[in-house]
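J.: Structure supplied as run_23.csv; contents: CSV, C-alpha atoms.
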chain,number,residue,atom,x,y,z
Q,965,MET,CA,-10.1,-23.6,-2.2
Q,966,THR,CA,-12.7,-23.0,-4.8
Q,967,PRO,CA,-13.4,-19.7,-6.5
Q,968,SER,CA,-16.7,-19.6,-4.6
Q,969,GLN,CA,-14.9,-19.8,-1.3
Q,970,LEU,CA,-12.3,-17.2,-2.2
Q,971,ALA,CA,-15.1,-14.9,-3.4
Q,972,GLN,CA,-16.7,-15.1,0.1
Q,973,VAL,CA,-13.5,-13.9,1.6
Q,974,VAL,CA,-13.1,-11.0,-0.9
Q,975,CYS,CA,-16.7,-9.9,-0.5
Q,976,ALA,CA,-16.6,-10.0,3.3
Q,977,LEU,CA,-13.3,-8.0,3.4
Q,978,ALA,CA,-14.8,-5.5,1.0
Q,979,ALA,CA,-17.9,-5.0,3.1
Q,980,ALA,CA,-15.8,-4.7,6.3
Q,981,GLY,CA,-13.6,-2.1,4.8
Q,982,ALA,CA,-16.5,-0.2,3.0
Q,983,SER,CA,-14.8,-0.7,-0.4
Q,984,LYS,CA,-16.8,0.6,-3.3
Q,985,HIS,CA,-14.9,-1.2,-6.0
Q,986,ILE,CA,-13.3,-4.6,-6.3
Q,987,GLN,CA,-10.6,-4.7,-9.0
Q,988,LEU,CA,-8.9,-7.9,-10.1
Q,989,VAL,CA,-5.4,-7.7,-11.5
Q,990,THR,CA,-3.6,-10.4,-13.6
Q,991,LEU,CA,0.1,-10.4,-12.9
Q,992,THR,CA,1.3,-13.0,-15.4
Q,993,GLY,CA,-0.2,-15.2,-18.0
Q,994,GLU,CA,-3.8,-15.6,-19.0
Q,995,PRO,CA,-6.4,-14.3,-16.4
Q,996,THR,CA,-8.1,-17.7,-16.2
Q,997,HIS,CA,-8.3,-17.8,-12.4
Q,998,GLU,CA,-9.2,-14.1,-12.2
Q,999,ARG,CA,-12.1,-14.6,-14.7
Q,1000,ALA,CA,-13.4,-17.5,-12.7
Q,1001,LEU,CA,-13.2,-15.5,-9.5
Q,1002,ALA,CA,-14.7,-12.5,-11.2
Q,1003,LEU,CA,-17.8,-14.5,-12.1
Q,1004,GLN,CA,-18.2,-15.6,-8.5
Q,1005,LEU,CA,-17.7,-12.1,-7.2
Q,1006,LEU,CA,-20.4,-10.8,-9.5
Q,1007,ARG,CA,-22.8,-13.3,-7.9
Q,1008,SER,CA,-21.6,-13.0,-4.3
Q,1009,CYS,CA,-20.8,-9.3,-4.0
Q,1010,HIS,CA,-24.0,-7.9,-5.5
Q,1011,GLY,CA,-24.9,-4.8,-3.4
Q,1012,VAL,CA,-21.5,-4.8,-1.7
Q,1013,ALA,CA,-19.1,-3.3,-4.3
Q,1014,ARG,CA,-18.7,-2.9,-8.0
Q,1015,VAL,CA,-16.7,-5.7,-9.5
Q,1016,TRP,CA,-14.4,-4.9,-12.4
Q,1017,GLN,CA,-12.9,-7.3,-15.0
Q,1018,PRO,CA,-9.2,-8.3,-14.6
Q,1019,LEU,CA,-6.5,-5.8,-15.7
Q,1020,PRO,CA,-3.3,-7.3,-17.1
Q,1021,VAL,CA,0.2,-6.2,-16.0
Q,1022,GLU,CA,2.0,-8.2,-18.7
Q,1023,GLY,CA,1.0,-8.6,-22.3
Q,1024,ASN,CA,-1.5,-5.9,-23.2
Q,1025,ALA,CA,-0.2,-3.4,-20.6
Q,1026,SER,CA,3.1,-2.5,-18.9
Q,1027,SER,CA,3.2,-2.0,-15.2
Q,1028,ALA,CA,3.6,1.8,-15.8
Q,1029,SER,CA,0.5,2.0,-18.1
Q,1030,LEU,CA,-1.5,-0.2,-15.7
Q,1031,ALA,CA,-0.7,2.1,-12.8
Q,1032,ASP,CA,-1.7,5.1,-14.9
Q,1033,LEU,CA,-4.9,3.4,-15.9
Q,1034,ILE,CA,-5.8,2.6,-12.3
Q,1035,ARG,CA,-5.1,6.2,-11.3
Q,1036,ARG,CA,-7.3,7.6,-14.1
Q,1037,ARG,CA,-10.1,5.1,-13.4
Q,1038,TYR,CA,-10.3,5.7,-9.7
Q,1039,LYS,CA,-8.9,9.2,-9.4
Q,1040,ARG,CA,-9.6,10.2,-5.8
Q,1041,GLU,CA,-11.3,6.9,-4.9
Q,1042,MET,CA,-8.1,4.9,-4.5
Q,1043,THR,CA,-8.8,4.3,-0.8
Q,1044,ASP,CA,-12.2,2.9,-1.8
Q,1045,VAL,CA,-10.7,0.1,-4.0
Q,1046,LEU,CA,-9.9,-3.5,-2.9
Q,1047,PHE,CA,-7.5,-5.0,-5.4
Q,1048,VAL,CA,-7.3,-8.8,-5.8
Q,1049,ALA,CA,-4.6,-10.9,-7.5
Q,1050,TYR,CA,-3.1,-14.4,-7.6
Q,1051,ILE,CA,0.6,-15.1,-6.9
Q,1052,PHE,CA,1.9,-18.2,-8.7
Q,1053,SER,CA,5.6,-17.5,-8.6
Q,1054,VAL,CA,8.3,-15.1,-7.5
Q,1055,THR,CA,8.0,-13.6,-11.0
Q,1056,ASP,CA,4.5,-12.3,-9.9
Q,1057,VAL,CA,6.0,-10.7,-6.8
Q,1058,ALA,CA,8.8,-9.1,-8.9
Q,1059,LEU,CA,6.1,-7.5,-11.1
Q,1060,LEU,CA,4.3,-6.2,-8.0
Q,1061,ASN,CA,7.6,-4.8,-6.8
Q,1062,LYS,CA,7.8,-2.4,-9.7
Q,1063,PRO,CA,7.9,1.1,-8.3
Q,1064,GLU,CA,4.8,2.4,-10.1
Q,1065,LEU,CA,2.7,-0.5,-8.7
Q,1066,LEU,CA,4.4,-0.7,-5.3
Q,1067,GLU,CA,3.5,2.9,-4.7
Q,1068,LEU,CA,-0.2,2.0,-5.1
Q,1069,THR,CA,0.0,-0.5,-2.3
Q,1070,SER,CA,0.2,2.3,0.2
Q,1071,LEU,CA,-3.0,3.9,-1.1
Q,1072,SER,CA,-5.3,0.9,-1.6
Q,1073,ARG,CA,-5.8,-2.5,-0.1
Q,1074,LEU,CA,-4.5,-5.5,-2.0
Q,1075,LEU,CA,-5.5,-9.1,-1.4
Q,1076,LEU,CA,-3.1,-11.6,-2.8
Q,1077,PHE,CA,-4.0,-15.3,-3.0
Q,1078,VAL,CA,-0.8,-17.4,-2.8
Q,1079,GLN,CA,-0.2,-21.1,-3.2
Q,1080,SER,CA,1.4,-22.7,-0.2
Q,1081,ASN,CA,4.6,-23.6,-2.0
Q,1082,PHE,CA,5.2,-19.9,-2.9
Q,1083,LEU,CA,4.2,-18.3,0.4
Q,1084,SER,CA,7.6,-18.1,2.0
Q,1085,SER,CA,9.4,-16.8,-1.1
Q,1086,SER,CA,6.6,-14.3,-1.8
Q,1087,LEU,CA,6.7,-12.8,1.7
Q,1088,ARG,CA,10.5,-12.7,1.7
Q,1089,GLU,CA,10.8,-11.1,-1.7
Q,1090,PHE,CA,8.1,-8.5,-1.3
Q,1091,HIS,CA,9.4,-4.9,-1.2
Q,1092,GLY,CA,6.4,-3.2,0.4
Q,1093,GLN,CA,7.3,-0.5,2.9
Q,1094,ILE,CA,5.9,-0.1,6.4
Q,1095,ASN,CA,2.7,1.6,5.2
Q,1096,ASN,CA,1.7,-1.0,2.6
Q,1097,LYS,CA,-1.8,-2.4,2.7
Q,1098,VAL,CA,-1.2,-5.8,1.3
Q,1099,ILE,CA,-2.6,-9.0,2.8
Q,1100,PHE,CA,-1.3,-12.4,1.6
Q,1101,ILE,CA,-3.9,-15.2,1.8
Q,1102,GLU,CA,-2.3,-18.7,1.8
Q,1103,ALA,CA,-4.9,-20.8,0.1
Q,1104,ARG,CA,-4.6,-24.5,0.9
Q,1105,ALA,CA,-7.0,-27.3,-0.2
Q,1106,SER,CA,-9.1,-27.0,2.9
Q,1107,SER,CA,-7.9,-23.9,4.9
Q,1108,MET,CA,-6.6,-20.4,4.5
Q,1109,SER,CA,-4.4,-18.2,6.6
Q,1110,ALA,CA,-3.5,-14.4,6.3
Q,1111,TRP,CA,0.0,-13.0,6.4
Q,1112,GLU,CA,1.7,-9.6,5.8
Q,1113,ALA,CA,5.2,-8.5,5.0
Q,1114,PHE,CA,7.0,-5.2,5.0
Q,1115,ARG,CA,10.5,-3.6,5.0
Q,1116,THR,CA,11.6,-0.9,7.3
Q,1117,GLU,CA,14.4,0.0,5.0
Q,1118,PRO,CA,15.0,-1.0,1.3
Q,1119,SER,CA,18.2,-2.8,2.2
Q,1120,GLU,CA,16.6,-4.8,5.1
Q,1121,MET,CA,15.0,-8.2,4.6
Q,1122,ALA,CA,11.2,-8.3,4.5
Q,1123,LYS,CA,9.6,-9.1,7.8
Q,1124,PRO,CA,6.7,-11.7,7.4
Q,1125,ARG,CA,4.0,-11.8,10.0
Q,1126,TYR,CA,1.2,-14.2,10.6
Q,1127,LEU,CA,-2.2,-12.5,11.1
Q,1128,SER,CA,-5.0,-14.9,11.4
Q,1129,LEU,CA,-6.7,-18.1,10.1
Q,1130,VAL,CA,-9.3,-17.2,7.5
Q,1131,SER,CA,-12.5,-19.2,7.2
Q,1132,SER,CA,-15.0,-19.0,4.3
Q,1133,PRO,CA,-16.9,-16.8,5.0
Q,1134,PRO,CA,-14.5,-15.1,7.5
Q,1135,LEU,CA,-15.5,-14.8,11.1
Q,1136,GLN,CA,-16.0,-11.4,12.6
Q,1137,GLU,CA,-12.9,-11.7,14.8
Q,1138,GLN,CA,-10.8,-12.5,11.7
Q,1139,LEU,CA,-12.2,-9.5,9.8
Q,1140,ASP,CA,-11.4,-7.3,12.8
Q,1141,VAL,CA,-7.7,-8.2,12.4
Q,1142,LEU,CA,-7.6,-8.0,8.6
Q,1143,ARG,CA,-9.3,-4.6,8.3
Q,1144,ARG,CA,-7.0,-2.8,10.8
Q,1145,LYS,CA,-4.8,-0.1,9.4
Q,1146,PRO,CA,-1.2,-1.3,8.9
Q,1147,TRP,CA,0.3,0.8,11.7
Q,1148,TYR,CA,-1.9,-1.0,14.3
Q,1149,ARG,CA,-0.3,-4.3,13.4
Q,1150,ARG,CA,3.3,-3.4,13.1
Q,1151,THR,CA,5.4,-3.2,16.2
Q,1152,ASN,CA,8.7,-4.6,14.9
Q,1153,LEU,CA,10.7,-1.9,13.2
Q,1154,THR,CA,14.1,-3.7,13.6
Q,1155,GLY,CA,16.5,-2.1,11.2
Q,1156,LEU,CA,14.8,1.3,11.1
Q,1157,THR,CA,16.8,4.3,12.3
Q,1158,LEU,CA,14.5,7.3,12.9
Q,1159,ARG,CA,16.4,10.7,12.7
Q,1160,CYS,CA,15.2,13.5,14.8
Q,1161,SER,CA,16.2,17.2,14.8
Q,1162,LEU,CA,15.7,19.2,18.0
Q,1163,LYS,CA,16.9,21.9,20.4
Q,1164,ASN,CA,17.3,22.1,24.1
Q,1165,TYR,CA,14.0,23.0,25.7
Q,1166,VAL,CA,13.9,22.2,29.4
Q,1167,PRO,CA,12.1,20.3,30.9
Q,1168,PHE,CA,10.8,18.7,27.6
Q,1169,THR,CA,14.1,18.0,25.9
Q,1170,VAL,CA,17.4,18.1,27.8
Q,1171,LEU,CA,20.3,17.5,25.5
Q,1172,LYS,CA,23.8,16.0,26.1
Q,1173,LYS,CA,26.4,16.0,23.4
Q,1174,LEU,CA,27.7,12.7,22.1
Q,1175,PRO,CA,30.5,11.8,19.7
Q,1176,GLY,CA,29.8,12.2,16.0
Q,1177,GLY,CA,27.5,15.2,16.4
Q,1178,LEU,CA,24.7,13.2,18.0
Q,1179,VAL,CA,22.9,14.2,21.2
Q,1180,SER,CA,21.2,12.1,23.9
Q,1181,VAL,CA,17.8,13.3,24.9
Q,1182,SER,CA,16.3,13.2,28.4
Q,1183,GLY,CA,13.4,15.1,29.9
Q,1184,LEU,CA,9.7,14.6,29.3
Q,1185,LEU,CA,9.9,14.0,25.5
Q,1186,GLY,CA,13.1,12.1,25.9
Q,1187,ASP,CA,11.2,9.6,27.9
Q,1188,VAL,CA,8.5,9.4,25.2
Q,1189,ILE,CA,10.9,8.7,22.3
Q,1190,ASP,CA,12.8,6.2,24.4
Q,1191,ALA,CA,9.6,4.3,25.1
Q,1192,LEU,CA,8.7,4.4,21.4
Q,1193,ALA,CA,12.1,3.1,20.4
Q,1194,THR,CA,11.7,0.2,22.9
Q,1195,TYR,CA,8.1,-0.6,22.0
Q,1196,LEU,CA,8.7,-0.4,18.2
Q,1197,GLN,CA,12.1,-2.0,18.3
Q,1198,MET,CA,13.9,0.7,16.4
Q,1199,ARG,CA,16.8,3.1,16.8
Q,1200,ILE,CA,16.5,6.9,17.2
Q,1201,GLU,CA,19.4,9.3,16.4
Q,1202,CYS,CA,19.0,12.9,17.3
Q,1203,ARG,CA,21.0,16.0,16.3
Q,1204,GLU,CA,20.7,19.7,16.8
Q,1205,PRO,CA,20.3,21.8,13.6
Q,1206,LYS,CA,23.6,23.2,12.3
Q,1207,ASP,CA,22.2,26.7,12.2
Q,1208,LYS,CA,20.9,26.3,15.8
Q,1209,LYS,CA,17.5,27.8,14.8
Q,1210,TRP,CA,14.0,26.6,15.6
Q,1211,GLY,CA,12.8,27.4,12.1
Q,1212,ALA,CA,9.3,27.9,13.4
Q,1213,ILE,CA,8.2,29.9,10.3
Q,1214,ARG,CA,9.3,30.3,6.7
Q,1215,THR,CA,12.0,32.7,5.9
Q,1216,PRO,CA,11.1,35.7,3.6
Q,1217,ASP,CA,12.3,33.8,0.6
Q,1218,GLY,CA,9.9,30.9,1.4
Q,1219,ASN,CA,12.5,28.5,2.7
Q,1220,TRP,CA,12.5,26.5,6.0
Q,1221,VAL,CA,15.5,26.5,8.2
Q,1222,GLY,CA,16.5,25.2,11.7
Q,1223,VAL,CA,14.7,22.1,13.1
Q,1224,LEU,CA,11.9,22.2,10.6
Q,1225,GLY,CA,14.3,22.9,7.8
Q,1226,ASP,CA,16.0,19.6,8.6
Q,1227,VAL,CA,12.8,17.8,8.1
Q,1228,VAL,CA,11.8,19.6,4.9
Q,1229,HIS,CA,15.2,19.0,3.3
Q,1230,GLY,CA,15.4,15.3,4.3
Q,1231,ARG,CA,18.1,15.6,7.0
Q,1232,ALA,CA,15.6,14.4,9.7
Q,1233,ASP,CA,12.4,12.4,9.9
Q,1234,ILE,CA,10.8,14.1,12.9
Q,1235,ALA,CA,11.1,17.4,14.7
Q,1236,LEU,CA,11.1,17.9,18.5
Q,1237,PRO,CA,9.9,19.3,20.8
Q,1238,TYR,CA,6.6,21.2,20.5
Q,1239,TYR,CA,5.3,22.9,17.3
Q,1240,TYR,CA,1.7,24.1,17.2
Q,1241,PRO,CA,-0.2,23.1,14.1
Q,1242,MET,CA,-0.4,26.5,12.4
Q,1243,VAL,CA,-2.0,26.7,8.9
Q,1244,GLU,CA,1.4,27.4,7.3
Q,1245,ARG,CA,3.0,24.4,9.0
Q,1246,GLN,CA,0.1,22.0,8.3
Q,1247,THR,CA,0.5,22.5,4.5
Q,1248,VAL,CA,4.0,21.0,4.8
Q,1249,PHE,CA,4.2,18.8,7.9
Q,1250,ASP,CA,2.2,16.0,9.6
Q,1251,PHE,CA,1.5,16.5,13.3
Q,1252,SER,CA,1.3,13.9,16.0
Q,1253,HIS,CA,-1.5,13.7,18.6
Q,1254,PRO,CA,-1.0,16.4,21.2
Q,1255,ILE,CA,1.5,15.5,23.9
Q,1256,GLY,CA,1.4,17.3,27.3
Q,1257,ASP,CA,-0.6,20.3,26.0
Q,1258,ASP,CA,-4.1,21.3,24.8
Q,1259,TRP,CA,-4.3,22.4,21.2
Can you dump the structure from the file as structure tokens?
T.:
Amino acid sequence: MTPSQLAQVVCALAAAGASKHIQLVTLTGEPTHERALALQLLRSCHGVARVWQPLPVEGNASSASLADLIRRRYKREMTDVLFVAYIFSVTDVALLNKPELLELTSLSRLLLFVQSNFLSSSLREFHGQINNKVIFIEARASSMSAWEAFRTEPSEMAKPRYLSLVSSPPLQEQLDVLRRKPWYRRTNLTGLTLRCSLKNYVPFTVLKKLPGGLVSVSGLLGDVIDALATYLQMRIECREPKDKKWGAIRTPDGNWVGVLGDVVHGRADIALPYYYPMVERQTVFDFSHPIGDDW
């Protein structure tokens, strides 16, 4: 595909996602391809987004200093940036996997143009977690296709997933797929174990003790988490807090205990059953959409 055709894809995706900035990044070597693409973007994306010249990871800047530069340049606008880079080898993917850059993939969208012979290895070696916003574009001589990859656990293999064909310029139905938030596309969490902390609260959670300190959960919310586990293809392990407390509010010394304490201190990922979104809790916890009650 020519730089002009690639530029049409970048501009269309930037417009669909309301990106204010398009930032090219050079992972290895001289930014020859990025410079050619930048010229086309300046012509094609006028009025869509501001196009910035390529930033290097290797050579003039380390991955850490590049991440710092990006944060200083865009500050609170990270969600308004569409990053673009080329993948020519697994070395490029290894650079992207550096923690300081990998962290940015959950904040901003990243469009990676990949040569066909490196697509499988790039997807397999990518360490992006479930919330990464990276789209791999396989660029062939006469066609393009979009892919994504993510890991539910660092020790698990990456899960590649085909998204859509991509024309130049992209069709509306293709853009509708590519601009969706990652959570809407990901229903295979095989390998992920979600830990929950809870107390018996009939009829919402009815607990039965199991070996190893675990509990089975039935009742209204038990049905909900069972359905989620089946739909998302993951495991859920639930335990009662050791102190047997709800932990609904902070203790006088500012600590969290009980069910909520398990979440704060990393012993659990979610808390069940119901906790109302009080101001004090909202500064620490994320809340689901209301289930079975009006808030």
J.: Please list as a list in words every residue within 8 Å of Ser1107 of chain Q, counting all atoms listed in the file and excluding residues in the same chain fewer than 5 positions away.
T.: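 Residues meeting the cut-off are Met965, Leu1129, Val1130 and Ser1131 of chain Q.
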J.: Tell me which of Q:Thr1055, Q:Thr1215, Q:Ser968, Q:Thr1069 sits closest to Ala1031 of chain Q, counting only C-alpha atoms.
T.: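 The closest residue to Ala1031 of chain Q is Q:Thr1069.
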J.: For each of Q:Ser1252, Q:Ser1106, Q:Gln1079, Q:Thr1116, take the minimum atom-to-atom distance to Gly1092 of chain Q, counting all atoms listed in the file, then give the residue where this is smallest.
T.: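 For Gly1092 of chain Q, the nearest of the given residues is Q:Thr1116.
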J.: May I have the residues within 8 Å of Gly1183 of chain Q as a list in words, using only C-alpha atoms and disregarding those fewer than 3 positions away in the same chain?
T.: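 So, after excluding close chain neighbours, the residues are Val1166, Pro1167, Phe1168, Thr1169, Val1170, Gly1186 and Asp1187 of chain Q.
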J.: Using all atoms listed in the file, which residue out of Q:Ala1058, Q:Leu1005, Q:Ile1255, Q:Ala1049 lies closest to Leu1019 of chain Q?
T.: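 Smallest separation from Leu1019 of chain Q among the options: Q:Ala1049.
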J.: Counting all atoms listed in the file, which residue out of Q:Cys1202, Q:Leu1074, Q:Ser1053, Q:Pro967 sits closest to Ile986 of chain Q?
T.: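 Of all the options, Q:Leu1074 lies closest to Ile986 of chain Q.
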J.: Taking all atoms listed in the file into account, which of Q:Leu1162, Q:Gly1218, Q:Asn1152, Q:Arg1231 comes nearest Glu1204 of chain Q?
T.: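 Closest to Glu1204 of chain Q, using all atoms listed in the file: Q:Leu1162.
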J.: So, counting all atoms listed in the file, which residue among Q:Ile1101, Q:Ala1028, Q:Leu1142, Q:Leu1075 is closest to Pro1063 of chain Q?
T.: Q:Ala1028
J.: Show which residues sit within 12 Å of Tyr1038 of chain Q, as a ChimeraX atom specification. Count all atoms listed in the file, and ignore same-chain residues fewer than 3 positions away.
T.: /Q:984-987,1016,1031-1035,1041-1047,1068,1071-1072
J.: Tell me which protein, DNA and RNA residues are within 12 Å of Gly1155 of chain Q, counting all atoms listed in the file, leaving out same-chain ones fewer than 3 positions away, and put them as a list in words.
T.: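 Once the adjacent positions are removed, what remains is Ile1094, Phe1114, Arg1115, Thr1116, Glu1117, Pro1118, Ser1119, Glu1120, Met1121, Ala1122, Lys1123, Asn1152, Leu1158, Ala1193, Leu1196, Gln1197, Met1198, Arg1199 and Ile1200 of chain Q.
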J.: Take atom CA of Asp1056 of chain Q and atom CA of Leu1003 of chain Q and report the distance between them in Å, one decimal.
T.: 22.5 Å
J.: Tell me which protein, DNA and RNA residues are within 8 Å of Val1054 of chain Q, counting only C-alpha atoms, leaving out same-chain ones fewer than 5 positions away, and put them as a VMD selection string.
T.: chain Q and resid 1082 1085 to 1086 1089
J.: To one decimal place in Å, what is the distance between atom CA of Thr990 of chain Q and atom CA of Gln1136 of chain Q?
T.: 29.0 Å
J.: Do you have the atom CA of Val989 of chain Q-atom CA of Asp1140 of chain Q distance handy?
T.: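 Atom-to-atom, atom CA of Val989 of chain Q and atom CA of Asp1140 of chain Q are spaced 25.0 Å apart.
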